[in-house]
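Just protein-v5.txt here, compact mmCIF, C-alpha atoms:
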```
# COMPACT_ATOMS: atom_id res chain seq x y z
CA MET A 1 20.00 -3.29 2.02
CA PHE A 2 18.91 -5.03 -1.18
CA THR A 3 19.09 -8.33 0.70
CA VAL A 4 16.29 -7.01 2.91
CA LEU A 5 14.30 -5.91 -0.15
CA ARG A 6 14.64 -9.34 -1.73
CA CYS A 7 13.95 -11.10 1.54
CA VAL A 8 10.70 -9.20 2.21
CA ILE A 9 9.39 -9.71 -1.34
CA TYR A 10 10.26 -13.40 -1.14
CA ARG A 11 8.60 -13.72 2.26
CA ASP A 12 5.38 -12.02 1.15
CA LEU A 13 5.17 -14.13 -1.99
CA LEU A 14 5.76 -17.24 0.08
CA LEU A 15 2.99 -16.19 2.46
CA ALA A 16 0.72 -15.53 -0.52
CA THR A 17 1.29 -19.03 -1.88
CA ARG A 18 0.49 -20.51 1.53
CA ARG A 19 -2.63 -18.34 1.86
CA TRP A 20 -3.64 -18.68 -1.76
CA ALA A 21 -7.32 -18.31 -0.87
CA ASP A 22 -6.69 -14.60 -0.14
CA VAL A 23 -5.05 -14.12 -3.52
CA LEU A 24 -7.83 -15.93 -5.33
CA THR A 25 -10.52 -13.84 -3.59
CA ALA A 26 -9.28 -10.62 -5.20
CA LEU A 27 -8.86 -12.24 -8.59
CA VAL A 28 -12.24 -13.98 -8.59
CA PHE A 29 -13.82 -10.72 -7.40
CA PHE A 30 -12.32 -8.97 -10.43
CA VAL A 31 -13.54 -11.65 -12.82
CA ILE A 32 -17.07 -11.64 -11.40
CA VAL A 33 -17.47 -7.84 -11.27
CA VAL A 34 -16.31 -7.49 -14.87
CA SER A 35 -18.55 -10.36 -16.01
CA LEU A 36 -21.64 -8.88 -14.34
CA PHE A 37 -21.74 -5.92 -16.71
CA PRO A 38 -22.33 -7.77 -20.01
CA LEU A 39 -25.00 -9.79 -18.19
CA GLY A 40 -26.69 -6.70 -16.75
CA VAL A 41 -26.38 -4.33 -19.70
CA GLY A 42 -27.40 -6.86 -22.32
CA PRO A 43 -25.87 -7.99 -25.61
CA GLU A 44 -25.57 -4.62 -27.34
CA PRO A 45 -22.04 -4.76 -28.90
CA ASN A 46 -21.58 -1.03 -29.41
CA LEU A 47 -22.56 -0.15 -25.86
CA LEU A 48 -20.38 -2.92 -24.44
CA ARG A 49 -17.41 -1.79 -26.50
CA THR A 50 -17.87 1.76 -25.19
CA ILE A 51 -18.09 0.85 -21.52
CA ALA A 52 -15.41 -1.87 -21.57
CA PRO A 53 -12.36 0.23 -20.60
CA GLY A 54 -14.17 2.01 -17.77
CA VAL A 55 -15.67 -1.16 -16.35
CA ILE A 56 -12.41 -3.08 -16.42
CA TRP A 57 -10.52 -0.22 -14.87
CA VAL A 58 -13.06 0.29 -12.07
CA ALA A 59 -13.06 -3.45 -11.34
CA ALA A 60 -9.25 -3.48 -11.24
CA LEU A 61 -9.37 -0.56 -8.81
CA LEU A 62 -11.79 -2.34 -6.50
CA ALA A 63 -9.88 -5.63 -6.68
CA SER A 64 -6.68 -3.85 -5.76
CA MET A 65 -8.43 -2.14 -2.85
CA LEU A 66 -9.98 -5.36 -1.59
CA SER A 67 -6.62 -6.79 -0.57
CA LEU A 68 -5.17 -3.54 0.80
CA THR A 69 -6.36 -4.03 4.37
CA ARG A 70 -4.23 -7.15 4.57
CA MET A 71 -1.07 -5.40 3.46
CA PHE A 72 0.11 -4.50 6.96
CA SER A 73 -2.56 -5.81 9.35
CA ALA A 74 -1.20 -9.36 9.74
CA ASP A 75 2.31 -8.06 10.39
CA TYR A 76 0.89 -5.55 12.87
CA ALA A 77 -1.04 -8.24 14.75
CA ASP A 78 1.84 -10.67 15.22
CA GLY A 79 4.57 -8.15 15.99
CA THR A 80 6.50 -8.50 12.73
CA LEU A 81 5.76 -4.86 11.96
CA GLU A 82 7.66 -3.78 15.09
CA GLN A 83 10.66 -5.72 13.82
CA MET A 84 10.31 -3.95 10.48
CA LEU A 85 10.17 -0.56 12.21
CA LEU A 86 13.36 -1.47 14.08
CA SER A 87 15.09 -2.91 11.06
CA ALA A 88 18.60 -1.93 10.14
CA ALA A 89 17.35 -1.16 6.62
CA PRO A 90 15.34 2.01 5.85
CA LEU A 91 11.62 1.46 6.47
CA GLY A 92 10.73 3.01 3.09
CA MET A 93 12.66 0.21 1.43
CA ILE A 94 10.73 -2.46 3.33
CA VAL A 95 7.44 -0.78 2.48
CA ALA A 96 8.49 -0.66 -1.19
CA ALA A 97 9.16 -4.38 -1.04
CA LYS A 98 5.75 -5.04 0.48
CA VAL A 99 4.07 -2.89 -2.17
CA ALA A 100 5.93 -4.78 -4.90
CA ALA A 101 4.77 -8.09 -3.45
CA HIS A 102 1.19 -6.78 -3.18
CA TRP A 103 1.26 -5.77 -6.83
CA LEU A 104 2.70 -9.11 -7.93
CA VAL A 105 -0.08 -11.08 -6.25
CA THR A 106 -3.01 -8.79 -7.17
CA GLY A 107 -2.13 -6.20 -9.82
CA LEU A 108 -0.12 -8.45 -12.09
CA LEU A 109 -2.75 -11.19 -12.09
CA VAL A 110 -5.42 -8.60 -12.93
CA VAL A 111 -3.29 -7.30 -15.82
CA LEU A 112 -2.79 -10.82 -17.14
CA ILE A 113 -6.43 -11.81 -17.03
CA ALA A 114 -7.88 -8.48 -18.24
CA PRO A 115 -7.46 -9.13 -22.03
CA LEU A 116 -9.39 -12.37 -21.64
CA LEU A 117 -12.25 -10.64 -19.85
CA ALA A 118 -12.25 -7.84 -22.41
CA LEU A 119 -13.36 -10.37 -25.02
CA GLN A 120 -16.75 -10.46 -23.28
CA PHE A 121 -17.14 -6.82 -24.30
CA ASP A 122 -16.18 -7.49 -27.90
CA LEU A 123 -13.25 -5.14 -27.58
CA PRO A 124 -11.29 -5.04 -30.88
CA GLN A 125 -8.02 -6.94 -30.75
CA GLN A 126 -5.77 -3.94 -31.32
CA LEU A 127 -7.26 -2.32 -28.21
CA LEU A 128 -6.45 -5.29 -26.01
CA ALA A 129 -2.76 -4.43 -26.03
CA THR A 130 -3.51 -0.80 -25.16
CA LEU A 131 -5.76 -1.87 -22.29
CA THR A 132 -3.18 -4.31 -20.92
CA LEU A 133 -0.36 -1.82 -21.16
CA SER A 134 -2.40 0.91 -19.44
CA LEU A 135 -3.25 -1.50 -16.62
CA LEU A 136 0.39 -2.57 -16.40
CA LEU A 137 1.44 1.04 -15.83
CA GLY A 138 -1.55 1.98 -13.66
CA THR A 139 -2.00 -0.90 -11.21
CA PRO A 140 1.38 -0.41 -9.46
CA VAL A 141 0.29 3.18 -8.74
CA LEU A 142 -2.88 1.81 -7.14
CA SER A 143 -0.82 -0.46 -4.86
CA MET A 144 1.45 2.43 -3.87
CA ILE A 145 -1.33 4.91 -3.08
CA GLY A 146 -3.15 2.12 -1.31
CA ALA A 147 -0.15 1.43 0.90
CA ILE A 148 -0.37 4.97 2.31
CA GLY A 149 -4.04 4.47 3.10
CA ALA A 150 -3.45 1.04 4.60
CA ALA A 151 -0.67 2.41 6.80
CA LEU A 152 -2.81 5.33 8.00
CA THR A 153 -5.81 3.18 8.90
CA LEU A 154 -3.76 0.43 10.53
CA GLY A 155 -5.25 -0.82 13.79
CA LEU A 156 -8.37 1.33 13.54
CA ARG A 157 -11.82 -0.07 14.19
CA GLY A 158 -13.68 -0.25 10.89
CA GLY A 159 -10.45 0.57 9.11
CA GLY A 160 -11.62 -1.18 5.95
CA ALA A 161 -14.45 1.24 5.20
CA LEU A 162 -12.34 4.24 6.13
CA LEU A 163 -9.58 2.95 3.87
CA SER A 164 -11.89 2.95 0.85
CA LEU A 165 -13.09 6.47 1.59
CA LEU A 166 -9.48 7.60 1.90
CA VAL A 167 -8.03 5.81 -1.09
CA LEU A 168 -10.75 5.82 -3.77
CA PRO A 169 -10.67 9.59 -4.39
CA LEU A 170 -6.90 9.36 -4.79
CA TYR A 171 -7.38 6.63 -7.39
CA VAL A 172 -9.46 8.96 -9.59
CA PRO A 173 -6.61 10.48 -11.67
CA VAL A 174 -5.23 7.01 -12.45
CA LEU A 175 -8.71 5.82 -13.41
CA ILE A 176 -9.38 8.81 -15.69
CA ILE A 177 -6.06 8.61 -17.50
CA GLY A 178 -6.03 4.82 -17.65
CA ALA A 179 -9.52 4.39 -19.04
CA SER A 180 -9.23 7.27 -21.48
CA THR A 181 -6.04 5.78 -22.93
CA VAL A 182 -8.15 2.97 -24.35
CA ASP A 183 -10.85 5.43 -25.48
CA MET A 184 -8.25 7.44 -27.37
CA ALA A 185 -6.97 4.32 -29.10
CA ALA A 186 -10.55 3.34 -29.99
CA ALA A 187 -11.09 6.77 -31.56
CA GLY A 188 -7.93 6.28 -33.59
CA LEU A 189 -6.02 9.05 -31.83
CA GLY A 190 -2.49 8.90 -30.45
CA THR A 191 -2.13 7.36 -26.99
CA GLU A 192 1.44 8.41 -26.36
CA ALA A 193 0.55 11.38 -24.14
CA HIS A 194 -1.70 9.23 -21.95
CA PHE A 195 0.93 6.54 -21.55
CA LEU A 196 3.50 9.17 -20.65
CA LEU A 197 1.13 10.60 -18.03
CA LEU A 198 0.58 7.16 -16.55
CA ALA A 199 4.33 6.55 -16.50
CA ALA A 200 4.84 9.92 -14.81
CA LEU A 201 2.28 9.02 -12.14
CA LEU A 202 4.09 5.73 -11.63
CA VAL A 203 7.47 7.43 -11.21
CA VAL A 204 6.14 10.06 -8.80
CA ALA A 205 4.28 7.46 -6.73
CA ALA A 206 7.32 5.16 -6.64
CA ALA A 207 9.49 8.01 -5.42
CA PHE A 208 7.21 9.29 -2.66
CA ALA A 209 4.59 6.72 -1.67
CA PRO A 210 6.90 4.25 0.17
CA TRP A 211 8.29 7.02 2.36
CA ALA A 212 4.85 8.49 3.05
CA ALA A 213 3.56 5.03 3.98
CA ALA A 214 6.63 4.48 6.17
CA ALA A 215 5.95 7.72 8.06
CA ALA A 216 2.30 6.74 8.46
CA LEU A 217 3.32 3.32 9.82
CA ARG A 218 5.51 4.89 12.48
CA ILE A 219 2.56 6.99 13.64
CA SER A 220 0.08 4.09 13.53
CA ALA A 221 2.36 1.72 15.44
CA GLU A 222 2.84 4.03 18.44
CA MET B 1 2.19 8.65 29.49
CA ARG B 2 -0.44 6.42 27.95
CA GLY B 3 -3.67 8.21 27.17
CA ARG B 4 -4.20 10.50 30.16
CA ARG B 5 -2.44 8.23 32.59
CA ARG B 6 1.05 8.91 33.75
CA LEU B 7 2.94 5.62 33.95
CA PHE B 8 6.27 6.85 35.19
CA SER B 9 8.27 10.03 35.52
CA GLY B 10 11.65 11.11 36.77
CA LEU B 11 13.29 7.96 35.41
CA ASN B 12 17.00 8.28 34.86
CA PHE B 13 19.50 5.51 34.25
CA ALA B 14 22.54 4.66 32.19
CA LEU B 15 23.61 1.29 30.84
CA ARG B 16 27.20 0.32 30.07
CA GLY B 17 28.56 -2.74 28.33
CA GLY B 18 28.08 -5.77 30.56
CA ASP B 19 25.09 -4.28 32.37
CA LEU B 20 21.88 -6.13 32.94
CA LEU B 21 18.81 -4.01 33.63
CA ARG B 22 15.78 -5.75 34.96
CA VAL B 23 12.54 -3.82 34.79
CA ALA B 24 10.09 -5.08 37.36
CA GLY B 25 6.58 -4.08 38.26
CA ALA B 26 3.02 -5.31 38.39
CA ASN B 27 0.88 -5.88 35.29
CA GLY B 28 -0.03 -2.59 33.71
CA SER B 29 2.73 -0.64 35.41
CA GLY B 30 4.31 0.32 32.08
CA LYS B 31 7.14 -2.15 31.60
CA THR B 32 6.38 -2.78 27.95
CA SER B 33 5.84 0.94 27.35
CA LEU B 34 9.24 1.67 28.87
CA LEU B 35 10.91 -0.94 26.64
CA ARG B 36 9.12 0.43 23.58
CA ILE B 37 10.35 3.91 24.47
CA LEU B 38 13.89 2.55 24.80
CA CYS B 39 13.55 1.03 21.32
CA GLY B 40 12.20 4.21 19.80
CA LEU B 41 8.85 2.65 18.90
CA LEU B 42 7.07 5.04 21.24
CA SER B 43 8.09 8.61 21.87
CA PRO B 44 8.12 9.76 25.47
CA VAL B 45 6.03 12.83 26.33
CA CYS B 46 9.15 14.41 27.71
CA GLY B 47 12.70 13.25 28.18
CA LYS B 48 15.20 11.65 25.86
CA VAL B 49 16.77 8.29 25.23
CA ARG B 50 20.40 8.55 24.25
CA TRP B 51 22.66 5.99 22.65
CA CYS B 52 26.40 6.75 22.83
CA GLY B 53 25.48 10.39 23.45
CA GLY B 54 23.13 10.79 20.47
CA ASP B 55 19.34 11.06 20.64
CA ILE B 56 17.84 7.81 19.29
CA ARG B 57 15.09 9.73 17.48
CA LEU B 58 17.82 11.26 15.32
CA LEU B 59 20.06 8.21 15.04
CA CYS B 60 17.24 5.96 13.75
CA GLU B 61 18.72 3.15 11.62
CA GLU B 62 22.19 3.71 13.07
CA TYR B 63 20.78 2.90 16.52
CA TRP B 64 18.52 0.09 15.33
CA GLN B 65 21.47 -1.70 13.76
CA GLN B 66 22.84 -2.13 17.26
CA LEU B 67 19.58 -3.12 18.88
CA LEU B 68 17.75 -6.40 19.11
CA TYR B 69 14.18 -6.20 20.40
CA ILE B 70 12.02 -9.21 21.07
CA GLY B 71 8.60 -8.02 22.07
CA HIS B 72 5.59 -9.52 23.71
CA ALA B 73 4.28 -10.74 20.36
CA HIS B 74 6.37 -13.53 18.88
CA ALA B 75 6.79 -11.82 15.50
CA VAL B 76 6.69 -15.21 13.81
CA LYS B 77 4.40 -16.10 10.93
CA GLY B 78 2.27 -19.18 11.40
CA GLU B 79 2.37 -20.06 7.71
CA LEU B 80 6.16 -20.00 7.48
CA THR B 81 8.43 -22.71 8.82
CA ALA B 82 10.65 -22.17 11.85
CA MET B 83 13.65 -21.94 9.55
CA GLU B 84 12.08 -19.36 7.22
CA ASN B 85 10.93 -17.28 10.18
CA LEU B 86 14.41 -17.23 11.68
CA VAL B 87 16.13 -16.30 8.42
CA VAL B 88 13.61 -13.50 7.73
CA SER B 89 13.87 -11.98 11.21
CA CYS B 90 17.68 -12.07 11.08
CA THR B 91 17.77 -10.50 7.62
CA LEU B 92 15.44 -7.71 8.76
CA ALA B 93 17.82 -7.01 11.62
CA GLY B 94 20.72 -6.83 9.17
CA VAL B 95 22.30 -10.13 10.22
CA ASN B 96 23.07 -12.45 7.35
CA VAL B 97 22.77 -16.08 8.30
CA SER B 98 23.43 -19.27 6.42
CA ARG B 99 21.14 -22.30 6.55
CA GLU B 100 23.62 -24.17 8.72
CA GLN B 101 23.84 -21.37 11.28
CA ALA B 102 20.07 -21.09 11.47
CA LEU B 103 19.73 -24.84 11.86
CA GLU B 104 22.27 -24.85 14.67
CA ALA B 105 20.52 -22.00 16.50
CA LEU B 106 17.19 -23.84 16.29
CA SER B 107 18.67 -27.12 17.48
CA ARG B 108 20.28 -25.40 20.46
CA LEU B 109 16.81 -24.39 21.59
CA GLY B 110 15.55 -27.93 21.14
CA LEU B 111 13.81 -27.35 17.83
CA ALA B 112 15.85 -29.83 15.79
CA GLY B 113 13.45 -31.78 13.61
CA TYR B 114 10.85 -29.01 13.75
CA GLU B 115 12.63 -26.58 11.43
CA ALA B 116 10.63 -27.52 8.32
CA LEU B 117 7.20 -27.44 9.96
CA PRO B 118 4.88 -24.45 9.72
CA VAL B 119 5.06 -22.59 13.01
CA LYS B 120 1.28 -22.51 13.51
CA ILE B 121 1.22 -26.21 14.37
CA LEU B 122 3.89 -25.78 17.07
CA SER B 123 2.99 -25.09 20.68
CA ARG B 124 3.15 -21.61 22.20
CA GLY B 125 6.39 -22.36 23.99
CA GLN B 126 7.93 -23.67 20.78
CA GLN B 127 6.82 -20.54 18.94
CA ARG B 128 8.55 -18.49 21.62
CA ARG B 129 11.67 -20.58 21.08
CA VAL B 130 11.58 -19.82 17.36
CA ALA B 131 11.50 -16.11 18.21
CA LEU B 132 14.31 -16.46 20.75
CA ALA B 133 16.53 -18.51 18.42
CA ARG B 134 17.57 -15.13 16.97
CA LEU B 135 19.58 -14.51 20.15
CA PHE B 136 22.04 -17.25 19.17
CA LEU B 137 22.79 -15.43 15.93
CA SER B 138 22.98 -11.93 17.39
CA GLU B 139 26.12 -11.98 19.55
CA LYS B 140 27.46 -9.00 17.62
CA ILE B 141 24.46 -6.78 18.39
CA PRO B 142 25.42 -4.90 21.57
CA LEU B 143 22.02 -4.04 23.07
CA TRP B 144 19.33 -6.64 23.65
CA ILE B 145 15.88 -5.52 24.80
CA LEU B 146 13.71 -8.49 25.72
CA ASP B 147 10.10 -8.24 26.81
CA GLU B 148 9.11 -11.28 28.90
CA PRO B 149 11.63 -13.56 27.19
CA PHE B 150 10.85 -16.53 29.47
CA ASP B 151 7.12 -16.35 28.88
CA ALA B 152 5.69 -19.82 28.03
CA LEU B 153 9.13 -21.49 28.13
CA ASP B 154 9.87 -24.65 30.10
CA ALA B 155 12.63 -24.82 32.74
CA GLY B 156 15.24 -26.24 30.36
CA ALA B 157 14.72 -23.52 27.77
CA VAL B 158 14.74 -20.82 30.47
CA ASP B 159 18.16 -22.05 31.66
CA CYS B 160 19.42 -22.12 28.09
CA VAL B 161 18.32 -18.52 27.40
CA GLN B 162 19.67 -17.29 30.75
CA LEU B 163 23.02 -18.86 29.97
CA LEU B 164 23.02 -17.10 26.63
CA ILE B 165 22.20 -13.75 28.26
CA ALA B 166 25.02 -14.28 30.77
CA GLN B 167 27.42 -15.00 27.89
CA HIS B 168 26.30 -11.87 26.09
CA LEU B 169 26.91 -9.80 29.22
CA ALA B 170 30.34 -11.38 29.68
CA HIS B 171 31.21 -10.33 26.12
CA GLY B 172 30.41 -6.73 26.97
CA GLY B 173 26.84 -6.56 25.69
CA ALA B 174 24.00 -4.88 27.54
CA VAL B 175 20.62 -6.47 28.21
CA VAL B 176 17.32 -4.94 29.30
CA LEU B 177 14.59 -7.38 30.20
CA THR B 178 11.29 -7.70 31.98
CA THR B 179 10.23 -10.89 33.67
CA HIS B 180 8.03 -12.07 36.50
CA GLN B 181 10.26 -15.07 37.14
CA GLU B 182 13.32 -15.24 39.32
CA ILE B 183 16.42 -14.92 37.21
CA LYS B 184 19.66 -16.70 37.92
CA ILE B 185 22.14 -14.80 35.82
CA ASP B 186 25.63 -14.39 37.20
CA SER B 187 26.56 -10.86 36.42
CA PRO B 188 28.34 -8.33 38.55
CA GLN B 189 26.37 -5.39 37.18
CA VAL B 190 22.67 -5.92 37.71
CA GLN B 191 20.42 -2.89 37.89
CA ARG B 192 16.79 -3.06 38.79
CA ILE B 193 13.98 -0.64 38.14
CA GLU B 194 10.77 -1.13 40.03
CA LEU B 195 7.81 0.50 38.33
CA ASP B 196 4.96 1.54 40.53
CA SER B 197 1.50 0.60 39.36
CA ARG B 198 -0.26 3.32 41.35
CA VAL B 199 -2.41 5.55 39.20
CA ASN B 200 -0.90 8.99 39.32
```
Give the structure from the file, written as structure tokens.
Amino acid sequence: MFTVLRCVIYRDLLLATRRWADVLTALVFFVIVVSLFPLGVGPEPNLLRTIAPGVIWVAALLASMLSLTRMFSADYADGTLEQMLLSAAPLGMIVAAKVAAHWLVTGLLVVLIAPLLALQFDLPQQLLATLTLSLLLGTPVLSMIGAIGAALTLGLRGGGALLSLLVLPLYVPVLIIGASTVDMAAAGLGTEAHFLLLAALLVVAAAFAPWAAAAALRISAE
Amino acid sequence: MRGRRRLFSGLNFALRGGDLLRVAGANGSGKTSLLRILCGLLSPVCGKVRWCGGDIRLLCEEYWQQLLYIGHAHAVKGELTAMENLVVSCTLAGVNVSREQALEALSRLGLAGYEALPVKILSRGQQRRVALARLFLSEKIPLWILDEPFDALDAGAVDCVQLLIAQHLAHGGAVVLTTHQEIKIDSPQVQRIELDSRVN
């Protein structure tokens, strides 16, 4: 069973390296969206410092969503998804592997580059670690919730727009908790509760989202 | 039933080890739908598919472990090499293969020398061969369901696959297939279902 998990993650990463343009699109999108704000708002350090966590979080959310449509659509088009549905391993496991691969090629890169972009907002150094850690806990949740949406809208005409309408409202709790973690740290308050909440969201999503997405895939593939 | 159209009804058949079932019928008569129902990818409006007495909708993975389905789509990734595609599809089906075994399966279908090339630069027939190479590694899977396996293959490859199917039947496996071509498979137990394409 874990062979299948490893095999699917390896396969998706391999595909990502051979279609690196897709990976770069999401990352460059993130960089550009975040960079537009200092340009648009103007060089007012206090204002920039205040909006930094929210802006970076929203951009991470959109970047994660940008690549969601591709999570299952290519496999659906070429018949690989049917093989996954008929696999000897539980479908939830395969979906979990695909979500993990999706996070590694979008979420993780966003987490790694976020501290660098935060410098544009003059975010104090001690907040950079908080921001990165909150993104590290939050972005996997985005990939998991997104997988449910991607599975539900699979094969639909205009699925991309519908996917955003479906998924963005579900991202709201992660956004609120994630961004306010950094705000709390900036105000000098304890961030433990927020980190615990993010971790709780991660655990709940990891336990349920792959199975929900698997059920949605079975319906979509009929 | 597809949409509001009834494709077939009153269908009843049983397959035993060594049986070959050929589903025939014109385009659009529901052959692929029937195969997808047999796999459990599509649920029939009414009726049941049973495997060793148990409903396949309840058996799920237990049934799929014993099933090999090669559909209309090749289920191969253009960006991956023939070798990578074969290893991935076998692993998904729960069959562990070594590099040597995979290489041998590919060379038996005339793909020796092509195993390290990305599949998207191969021809359609060669892509089909990559998909079918799984058959060489799946002798232990009792039920094979093949949708148009000979599609886009040349005469040599068709003979090779037919020989393989005959071997599988001789070893007590069961095969369900659709094809528009004449098949020359020596098997004592051939069943045939003719689907009617009339709109009911």
Residues of chain B near chain A: apply a cut-off of 6 Å, count all atoms listed in the file, and supply the list as a PyMOL selection string.
chain B and resi 42+61+64-65+73+75+92-94
Counting all atoms listed in the file, what is within 9 Å of Leu48 (chain A), bar same-chain residues fewer than 5 positions away, as a ChimeraX atom specification?
/A:37-38,41-43,120-123
Can you pull out the residues contacting Leu136 (chain A)? Cut-off 9 Å, using all atoms listed in the file, and skip same-chain residues under 2 positions away; I want them as a PyMOL selection string.
chain A and resi 107-108+111-112+131-134+138-140
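One finds CA of Leu68 (chain A) at 13.6 Å from CA of Gly158 (chain A).
You will find CA of Val176 (chain B) at 27.7 Å from CA of Ser98 (chain B).
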Using only C-alpha atoms, which protein or nucleic acid residues come within 7 Å of Lys77 (chain B)? Drop anything in the same chain fewer than 3 positions from it, and give the result as a PyMOL selection string.
chain B and resi 80+85+119
May I have the protein, DNA and RNA residues with an atom at most 10 Å from (9.8, -19.3, 9.7), counting all atoms listed in the file in the file's coordinates, returned as a PyMOL selection string?
(chain A and resi 11) or (chain B and resi 75-89+115-120+127+130-131)
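Going from CA of Ser64 (chain A) over to CA of Ser220 (chain A), you cover 21.9 Å.
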Near region 177-194 of chain B, counting all atoms listed in the file, which residues have an atom at most 8 Å away, once you skip same-chain residues fewer than 4 positions from it, shown as a PyMOL selection string?
chain B and resi 18-25+31+145-151+162-163+165-166+169-170
